[in-house]
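Student: Supplied in structure tokens, the structure appears directly below.
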Amino acid sequence: MSLRTPLRPLARILPARQKGENPDAIERENLRLRHEAQRDKMRQRAESRLILVALCFMIAFGAVGTRMYALATSDVEEPELVTNGASIVNTRADIVDREGRVLATNFVTNSLYAHPHEIIDARAAADGLASIFPDMDADALHRRFTSETRFIWLRRYISPEQEQLVHDLGEPGLLFGPREMRLYPNGSLAAHIMGGASFGQEAVNAAEVIGVAGVESEFDEVLRDPARGDAPLVLSIDLSVQAAVEQVLAGGMAMMNARGAAAVLMDARTGEIVAMASLPDFDPNARPRPLTDGEAADSPLFNRAMQGVYELGSVFKTFTIAQALEEGLVNVETMIDTTGPLRMSGFAINDFHYYGASQSVEDVLVHSSNIGTARIAQMIGADRQQRFLGQLGFFQPTAVEMVEASAGRPLLPSRWGELSTMTISYGHGLSTTPLHLAAGYASILNGGTVVTPTVLRQDAPVLGERVVSEEVSQTMRGLLRSVVTDGTASFGEVEGYAVGGKTGTADKPRTAGGGYYEDRVIATFAGAFPMYDPQYVIVVTLDEPSETSGPEPRRTAGWTAVPIAAELIRRAAPLLGLRPTIEPLGAYQLSSASQ
Amino acid sequence: MRGLTTALAALAVIGLGYWAYHQTILTQQALREVDHLQRSIGIERERLSVLRAEWAYLNRPDRLRDLADLNFDRLGLMPLGPEQFGDAALIPFPLPEELVIDNASSGGPGLAGPDDEEFP
């Protein structure tokens, strides 16, 4: 419509005038056409506007509808309404024993720091602090408060009472920062298992708590995982049994004048460590510093039950005889030549007592004959012996879930010849930890399946690889029972609990090398109860014990470790829920096995 | 008629506006309260963990053992031992109660009254 059409075009008006028509009709006609065209155009525009508005409304209502649909179908998750208290309080999960009693928990406390530039009366602040914390020096503090420093850490954490006292000083330059502290309410109980914790990254407002040893370190990541919520880490330890074991062991250690002592009480079927103690111990709330010189074993941090590798002596005879029975080389009545001394490549094997020129396999174990066991080991041979001990886990550190476990790596002979085979058969030449021994005894006595020691509560039975048959396991139960009833471990009898086990007394190797001490021994008792159906395995090891009630000191395990083990069983078994029972007749089929 | 509708609509808008405003205020108040409650839940949780720690500390075996020793004359507590296990067969069978022969009583023979609870 670029060209505007005139309303009265001369081309039409003139002919119309000539014909005598009214030219106004032409103008009206043209005007009508023009109005019609304008009306069409406006209607079109209005229509498109209406569509646009409708579209806007559709989008707006669509958005509201979509949002309503999303809100209606999704879970309520408004950030302000989600409860998040647990994650705030528990930055590190608790550790509890198998019954749910607290072994380690967190405690909110405060750290103390100073802003020297905000301190008003430095002298009073320094004196006040020195009177609250006796180990602080007022003059040194005053010097630091008046220096150019802008920030001073004073205490990692303080008790609420100390906090109140510092608060009462009224000094604006002394400030508190919240600290979460790891607390072991039971003190030194199960100290080696717990390990301890300390602070990692530190800031004014918070500090990271990290485990430094034991399960705290092994499960550091797990304990700190926020996804855990407040689910605690459940250990296999039983608090009351552990307390009884530590008490008895401490008493026994003092009575036997020993340098150190260790005890392991393990479930024979699952490998759960119910109690594990090593003395001397420490308080994980104030973990001592590791020794920088001297022997690691002198530090209370050293866990003798798990890190201490010792030649454990005659307790190993159990494995030799179990293997010989399993291989069918002997039965319990086979007579073994025990004339001594047995000479082997310039080395003489002797017996502690002489019991005749030949003894049955049963008597070899009951009387603990080194010569007899060495002869049996000769029949087995080095290869088979290595395979068997390897199966029982004596060549690897124990798989128990603590960082120190890898330190308990057994010491093997560099060359495993015939002499080594013979000495290892009675526990010399191979150094292992008491925990290895407990796992080995559990594997032999529980029916013959390998047991892996663990500190975590197992809710299902664990069935390992088979090492000896059910029959051999039963025979060994009977043999070890007779060691207590008739043999070297006669002090181990606890009425009602049918204790069985084997003693071991090994001379300590000189630390400087070159032979063994004459008067220093490691005395060990390894056993299980009740022997007709072993539920728990116990190992007690004493470092350099000497029992001085007689005219001369007695050092053998039968006089030192065994009475302690018996007292441990007497105290622990009722706590474990075992009733004293009368031993069933014919519980051990001694003669029918392995033939 | 048209004026009335407009007036009613205006009133409705004012009413709805007031209602919406009121709801907003209520929501804000509720959120503040939630915030407050959450903070106190946090404080209670903290207290709970402190109390739990304190409970564990007061029940530590060392302390209980010392307390048992200190109060031995009153309580006579001993560590659990095998000799403390009894057997059902060791419990004396209750003696038959004496027959009360009393013509006046309507209870019948042997029916014990509430006073007869003690037995040897």
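Labeling convention for the structure tokens: chains A, B, ... as they appear, residues from 1 per chain, ligands from 1 in order of appearance.
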Quick one: residues within 9 Å of Met78 in chain B, only C-alpha atoms counted, chain neighbours fewer than 5 positions away excluded, as a list in words?
Tutor: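 Listing them by chain and then by number gives Ala68, Asp69 and Phe72 of chain B.
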Student: Store the residues picked out above in a file with C-alpha atoms, as a CSV table (one decimal), in the first residue's frame.
Tutor:
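Dumped everything to out20.csv:
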```
chain,number,residue,atom,x,y,z
B,68,ALA,CA,33.6,-53.0,94.9
B,69,ASP,CA,36.7,-53.2,97.1
B,72,PHE,CA,33.2,-54.9,100.3
```
Student: Within 6 Å of range 181-191 of chain A, counting only C-alpha atoms, which residues qualify if same-chain residues fewer than 5 places away don't, as a PyMOL selection string?
Tutor: (chain A and resi 103-107+282-284) or (chain B and resi 56-57+60)
Student: Store the residues of this selection in a file with N, CA and C atoms, as an mmCIF file, in the first residue's frame.
Tutor:
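For reference, again-v4.cif as written:
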```
data_model
loop_
_atom_site.group_PDB
_atom_site.id
_atom_site.type_symbol
_atom_site.label_atom_id
_atom_site.label_comp_id
_atom_site.auth_asym_id
_atom_site.auth_seq_id
_atom_site.Cartn_x
_atom_site.Cartn_y
_atom_site.Cartn_z
ATOM 1 N N LEU A 103 34.340 -47.778 73.901
ATOM 2 C CA LEU A 103 35.794 -47.866 74.076
ATOM 3 C C LEU A 103 36.464 -46.556 73.694
ATOM 4 N N ALA A 104 35.898 -45.873 72.701
ATOM 5 C CA ALA A 104 36.458 -44.576 72.301
ATOM 6 C C ALA A 104 35.315 -43.702 71.843
ATOM 7 N N THR A 105 35.337 -42.454 72.280
ATOM 8 C CA THR A 105 34.277 -41.532 71.876
ATOM 9 C C THR A 105 34.883 -40.141 71.749
ATOM 10 N N ASN A 106 34.033 -39.182 71.372
ATOM 11 C CA ASN A 106 34.524 -37.818 71.183
ATOM 12 C C ASN A 106 34.037 -36.946 72.316
ATOM 13 N N PHE A 107 34.785 -35.911 72.554
ATOM 14 C CA PHE A 107 34.481 -35.025 73.655
ATOM 15 C C PHE A 107 34.741 -33.614 73.158
ATOM 16 N N PHE A 282 49.923 -48.500 78.368
ATOM 17 C CA PHE A 282 49.954 -47.041 78.451
ATOM 18 C C PHE A 282 48.529 -46.532 78.402
ATOM 19 N N ASP A 283 48.373 -45.239 78.594
ATOM 20 C CA ASP A 283 47.044 -44.642 78.507
ATOM 21 C C ASP A 283 46.908 -43.964 77.142
ATOM 22 N N PRO A 284 46.008 -44.449 76.297
ATOM 23 C CA PRO A 284 45.899 -43.832 74.963
ATOM 24 C C PRO A 284 45.420 -42.385 75.005
ATOM 25 N N ALA B 56 30.406 -43.855 80.423
ATOM 26 C CA ALA B 56 31.436 -44.862 80.168
ATOM 27 C C ALA B 56 32.609 -44.670 81.123
ATOM 28 N N TYR B 57 32.930 -43.393 81.397
ATOM 29 C CA TYR B 57 34.060 -43.110 82.279
ATOM 30 C C TYR B 57 33.754 -43.570 83.703
ATOM 31 N N ARG B 60 33.940 -47.404 84.075
ATOM 32 C CA ARG B 60 35.145 -48.096 83.633
ATOM 33 C C ARG B 60 35.482 -49.185 84.647
#
```
Student: If we count only C-alpha atoms, what is near range 317-324 of chain A at a cut-off of 6 Å, once residues fewer than 3 positions away on the same chain are taken out, given as JSON, numbers by chain?
Tutor: {"A": [314, 327, 329, 330, 425, 426]}
Student: Could those residues be written to a file, using N, CA and C atoms, as a PDB file, in the first residue's frame?
Tutor:
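What landed in selection14.pdb:
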```pdb
ATOM      1  N   SER A 314      58.437 -75.115  73.036  1.00  0.00           N
ATOM      2  CA  SER A 314      57.750 -76.399  72.885  1.00  0.00           C
ATOM      3  C   SER A 314      56.291 -76.311  72.476  1.00  0.00           C
ATOM      4  N   GLU A 327      49.449 -86.687  58.280  1.00  0.00           N
ATOM      5  CA  GLU A 327      50.085 -87.361  57.141  1.00  0.00           C
ATOM      6  C   GLU A 327      50.036 -88.871  57.291  1.00  0.00           C
ATOM      7  N   LEU A 329      51.888 -90.606  59.360  1.00  0.00           N
ATOM      8  CA  LEU A 329      53.227 -91.134  59.612  1.00  0.00           C
ATOM      9  C   LEU A 329      53.289 -91.874  60.941  1.00  0.00           C
ATOM     10  N   VAL A 330      52.497 -91.426  61.893  1.00  0.00           N
ATOM     11  CA  VAL A 330      52.500 -92.056  63.217  1.00  0.00           C
ATOM     12  C   VAL A 330      51.059 -92.103  63.700  1.00  0.00           C
ATOM     13  N   SER A 425      60.657 -77.934  64.832  1.00  0.00           N
ATOM     14  CA  SER A 425      59.618 -78.848  65.299  1.00  0.00           C
ATOM     15  C   SER A 425      59.344 -78.650  66.782  1.00  0.00           C
ATOM     16  N   TYR A 426      60.349 -78.197  67.551  1.00  0.00           N
ATOM     17  CA  TYR A 426      60.056 -77.897  68.951  1.00  0.00           C
ATOM     18  C   TYR A 426      60.204 -76.403  69.259  1.00  0.00           C
TER      19      TYR A 426
END
```
Student: With 7 Å as the cut-off and only C-alpha atoms counted, what is the closest atom pair between each nearby residue of chain B and chain A? Distances in Å to one decimal, ordered by chain and number, as CSV.
Tutor:
```
residue,atom,partner,partner_atom,distance
B:Ile41,CA,A:Gly85,CA,6.9
B:Gly42,CA,A:Gly85,CA,5.3
B:Arg45,CA,A:Val89,CA,7.0
B:Glu46,CA,A:Val89,CA,6.3
B:Val50,CA,A:Phe107,CA,6.2
B:Ala53,CA,A:Thr105,CA,6.6
B:Ala56,CA,A:Pro185,CA,5.8
B:Tyr57,CA,A:Pro185,CA,4.4
B:Arg60,CA,A:Asn186,CA,5.0
B:Pro61,CA,A:Ala243,CA,6.4
B:Leu80,CA,A:Pro574,CA,6.5
B:Gly81,CA,A:Arg571,CA,5.9
B:Pro82,CA,A:Pro574,CA,5.9
B:Phe85,CA,A:Arg579,CA,6.7
```
Student: Kindly save the residues from that selection, with C-alpha atoms included, as a compact mmCIF listing (two decimals), in the first residue's frame.
Tutor:
```txt
# COMPACT_ATOMS: atom_id res chain seq x y z
CA ILE B 41 19.06 -30.45 69.11
CA GLY B 42 22.72 -30.00 68.27
CA ARG B 45 23.32 -34.14 71.05
CA GLU B 46 26.56 -32.69 72.26
CA VAL B 50 29.26 -35.89 76.85
CA ALA B 53 31.31 -40.43 77.64
CA ALA B 56 31.44 -44.86 80.17
CA TYR B 57 34.06 -43.11 82.28
CA ARG B 60 35.15 -48.10 83.63
CA PRO B 61 36.17 -51.47 85.03
CA LEU B 80 32.46 -63.71 88.80
CA GLY B 81 33.80 -67.23 89.32
CA PRO B 82 32.93 -70.72 88.21
CA PHE B 85 27.19 -71.13 88.89
```
Student: Which residues, written as a PDB file with C-alpha atoms, in the first residue's frame, have at least one atom at most 8 Å from range 297-313 of chain A, with only C-alpha atoms counted and residues fewer than 2 positions away on the same chain left out?
Tutor:
```pdb
ATOM      1  CA  HIS A 192      47.333 -51.427  72.361  1.00  0.00           C
ATOM      2  CA  GLY A 260      56.635 -58.140  80.234  1.00  0.00           C
ATOM      3  CA  ALA A 261      53.612 -60.263  79.585  1.00  0.00           C
ATOM      4  CA  ALA A 262      51.128 -60.848  76.833  1.00  0.00           C
ATOM      5  CA  ALA A 263      47.872 -62.733  76.618  1.00  0.00           C
ATOM      6  CA  VAL A 264      45.519 -63.482  73.758  1.00  0.00           C
ATOM      7  CA  MET A 276      44.383 -59.143  73.934  1.00  0.00           C
ATOM      8  CA  ALA A 277      46.689 -57.640  76.493  1.00  0.00           C
ATOM      9  CA  SER A 278      50.317 -56.662  76.502  1.00  0.00           C
ATOM     10  CA  LEU A 279      52.051 -55.364  79.576  1.00  0.00           C
ATOM     11  CA  PRO A 280      53.446 -52.854  80.335  1.00  0.00           C
ATOM     12  CA  ASP A 281      50.788 -50.740  78.681  1.00  0.00           C
ATOM     13  CA  PHE A 282      49.954 -47.041  78.451  1.00  0.00           C
ATOM     14  CA  PRO A 288      53.705 -41.594  75.267  1.00  0.00           C
ATOM     15  CA  PRO A 290      58.013 -43.670  70.936  1.00  0.00           C
ATOM     16  CA  LEU A 291      61.510 -44.426  72.126  1.00  0.00           C
ATOM     17  CA  GLY A 294      67.125 -48.675  72.829  1.00  0.00           C
ATOM     18  CA  GLU A 295      64.937 -51.675  72.159  1.00  0.00           C
ATOM     19  CA  VAL A 315      54.285 -75.051  72.131  1.00  0.00           C
ATOM     20  CA  PHE A 316      55.233 -75.762  68.507  1.00  0.00           C
ATOM     21  CA  GLU A 404      51.101 -52.664  63.901  1.00  0.00           C
ATOM     22  CA  ALA A 405      50.237 -56.120  62.561  1.00  0.00           C
ATOM     23  CA  SER A 406      52.751 -55.832  59.736  1.00  0.00           C
ATOM     24  CA  ALA A 407      55.509 -55.306  62.317  1.00  0.00           C
ATOM     25  CA  GLY A 408      54.884 -58.825  63.607  1.00  0.00           C
ATOM     26  CA  ARG A 409      56.596 -60.482  60.658  1.00  0.00           C
ATOM     27  CA  PRO A 410      57.862 -63.934  61.636  1.00  0.00           C
ATOM     28  CA  LEU A 411      61.615 -64.575  61.456  1.00  0.00           C
ATOM     29  CA  TYR A 426      60.056 -77.897  68.951  1.00  0.00           C
ATOM     30  CA  GLY A 427      59.843 -74.166  68.441  1.00  0.00           C
ATOM     31  CA  HIS A 428      63.401 -72.954  68.023  1.00  0.00           C
ATOM     32  CA  GLY A 429      64.695 -71.248  64.912  1.00  0.00           C
ATOM     33  CA  LEU A 430      61.307 -69.809  63.942  1.00  0.00           C
ATOM     34  CA  SER A 431      60.155 -66.648  65.692  1.00  0.00           C
ATOM     35  CA  THR A 432      56.498 -65.740  65.669  1.00  0.00           C
ATOM     36  CA  THR A 433      54.127 -63.635  67.695  1.00  0.00           C
ATOM     37  CA  PRO A 434      51.790 -65.015  70.381  1.00  0.00           C
ATOM     38  CA  LEU A 435      48.900 -64.017  68.119  1.00  0.00           C
ATOM     39  CA  GLY A 504      56.831 -73.791  76.017  1.00  0.00           C
ATOM     40  CA  THR A 505      59.989 -72.467  77.633  1.00  0.00           C
ATOM     41  CA  ALA A 506      62.485 -70.985  75.208  1.00  0.00           C
ATOM     42  CA  LYS A 508      66.042 -65.835  74.932  1.00  0.00           C
ATOM     43  CA  ILE A 522      60.225 -66.733  77.233  1.00  0.00           C
ATOM     44  CA  ALA A 523      57.617 -68.879  78.967  1.00  0.00           C
ATOM     45  CA  THR A 524      54.451 -69.612  77.041  1.00  0.00           C
TER      46      THR A 524
END
```
Student: CA of Asn30 in chain A to CA of Ala16 in chain A: how many Å, to one decimal?
Tutor: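 One can read the CA of Asn30 in chain A to CA of Ala16 in chain A distance as 14.5 Å.
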Student: Rounded to one decimal place, report the CA of Arg520 in chain A-CA of Ala296 in chain A distance in Å.
Tutor: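 Going from CA of Arg520 in chain A over to CA of Ala296 in chain A covers 18.1 Å.
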Student: Give the helix (DSSP H, G or I) residues of chain B, as DSSP finds them on the backbone, and put them as a VMD selection string.
Tutor: chain B and resid 2 to 58 61 to 70 72 to 75 82 to 84 88 to 90 114 to 117
Student: What lies within 9 Å of Glu216 in chain A using only C-alpha atoms, ignoring chain neighbours under 6 positions off, as a PyMOL selection string?
Tutor: chain A and resi 95+193-197+210+223+402-403
Student: Record the distance separating CA of Val450 in chain A and CA of Asp220 in chain A, expressed in Å with one decimal.
Tutor: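 Rounded to one decimal, the two atoms are 28.3 Å apart.
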Student: When you look at Glu401 in chain A with a cut-off of 9 Å (counting only C-alpha atoms), what residues show up, excluding the ones that are within fewer than 2 positions of it in the same chain? I need them as a VMD selection string.
Tutor: chain A and resid 214 to 215 218 to 219 398 to 399 403 to 405 453 to 456
Student: Output N, CA and C atoms for every residue in the selection just made, as a PDB file, in the first residue's frame.
Tutor:
```pdb
ATOM      1  N   GLY A 214      47.009 -48.572  66.221  1.00  0.00           N
ATOM      2  CA  GLY A 214      45.951 -49.525  66.508  1.00  0.00           C
ATOM      3  C   GLY A 214      44.794 -49.435  65.518  1.00  0.00           C
ATOM      4  N   VAL A 215      43.585 -49.770  65.992  1.00  0.00           N
ATOM      5  CA  VAL A 215      42.433 -49.725  65.090  1.00  0.00           C
ATOM      6  C   VAL A 215      42.102 -48.293  64.697  1.00  0.00           C
ATOM      7  N   GLU A 218      44.131 -47.863  61.620  1.00  0.00           N
ATOM      8  CA  GLU A 218      43.749 -48.777  60.542  1.00  0.00           C
ATOM      9  C   GLU A 218      42.403 -48.369  59.938  1.00  0.00           C
ATOM     10  N   PHE A 219      41.465 -47.981  60.787  1.00  0.00           N
ATOM     11  CA  PHE A 219      40.129 -47.649  60.296  1.00  0.00           C
ATOM     12  C   PHE A 219      39.907 -46.142  60.250  1.00  0.00           C
ATOM     13  N   THR A 398      50.304 -61.412  60.784  1.00  0.00           N
ATOM     14  CA  THR A 398      48.888 -61.742  60.947  1.00  0.00           C
ATOM     15  C   THR A 398      48.031 -60.726  60.212  1.00  0.00           C
ATOM     16  N   ALA A 399      46.856 -61.179  59.797  1.00  0.00           N
ATOM     17  CA  ALA A 399      45.968 -60.311  59.011  1.00  0.00           C
ATOM     18  C   ALA A 399      45.082 -59.465  59.904  1.00  0.00           C
ATOM     19  N   VAL A 403      47.390 -51.383  62.438  1.00  0.00           N
ATOM     20  CA  VAL A 403      48.559 -50.992  61.647  1.00  0.00           C
ATOM     21  C   VAL A 403      49.824 -51.702  62.104  1.00  0.00           C
ATOM     22  N   GLU A 404      49.870 -52.060  63.401  1.00  0.00           N
ATOM     23  CA  GLU A 404      51.101 -52.664  63.901  1.00  0.00           C
ATOM     24  C   GLU A 404      51.261 -54.109  63.449  1.00  0.00           C
ATOM     25  N   ALA A 405      50.191 -54.694  62.880  1.00  0.00           N
ATOM     26  CA  ALA A 405      50.237 -56.120  62.561  1.00  0.00           C
ATOM     27  C   ALA A 405      51.405 -56.440  61.635  1.00  0.00           C
ATOM     28  N   PRO A 453      42.883 -64.332  62.521  1.00  0.00           N
ATOM     29  CA  PRO A 453      42.547 -63.482  63.663  1.00  0.00           C
ATOM     30  C   PRO A 453      41.958 -62.150  63.210  1.00  0.00           C
ATOM     31  N   THR A 454      40.982 -61.675  63.957  1.00  0.00           N
ATOM     32  CA  THR A 454      40.353 -60.398  63.617  1.00  0.00           C
ATOM     33  C   THR A 454      39.964 -59.679  64.902  1.00  0.00           C
ATOM     34  N   VAL A 455      39.891 -58.348  64.838  1.00  0.00           N
ATOM     35  CA  VAL A 455      39.406 -57.589  65.997  1.00  0.00           C
ATOM     36  C   VAL A 455      38.009 -57.058  65.756  1.00  0.00           C
ATOM     37  N   LEU A 456      37.401 -57.430  64.645  1.00  0.00           N
ATOM     38  CA  LEU A 456      36.041 -56.975  64.374  1.00  0.00           C
ATOM     39  C   LEU A 456      35.053 -58.071  64.725  1.00  0.00           C
TER      40      LEU A 456
END
```
Student: Taking only range 459-545 of chain A into account, list the residues labelled strand (DSSP E) by DSSP (computed from the backbone), as a ChimeraX atom specification.
Tutor: /A:500-509,516-529,536-543
Student: Quick one: residues within 10 Å of Trp153 in chain A, only C-alpha atoms counted, chain neighbours fewer than 2 positions away excluded, as a VMD selection string?
Tutor: chain A and resid 111 to 115 151 155 to 156 174 to 175 204
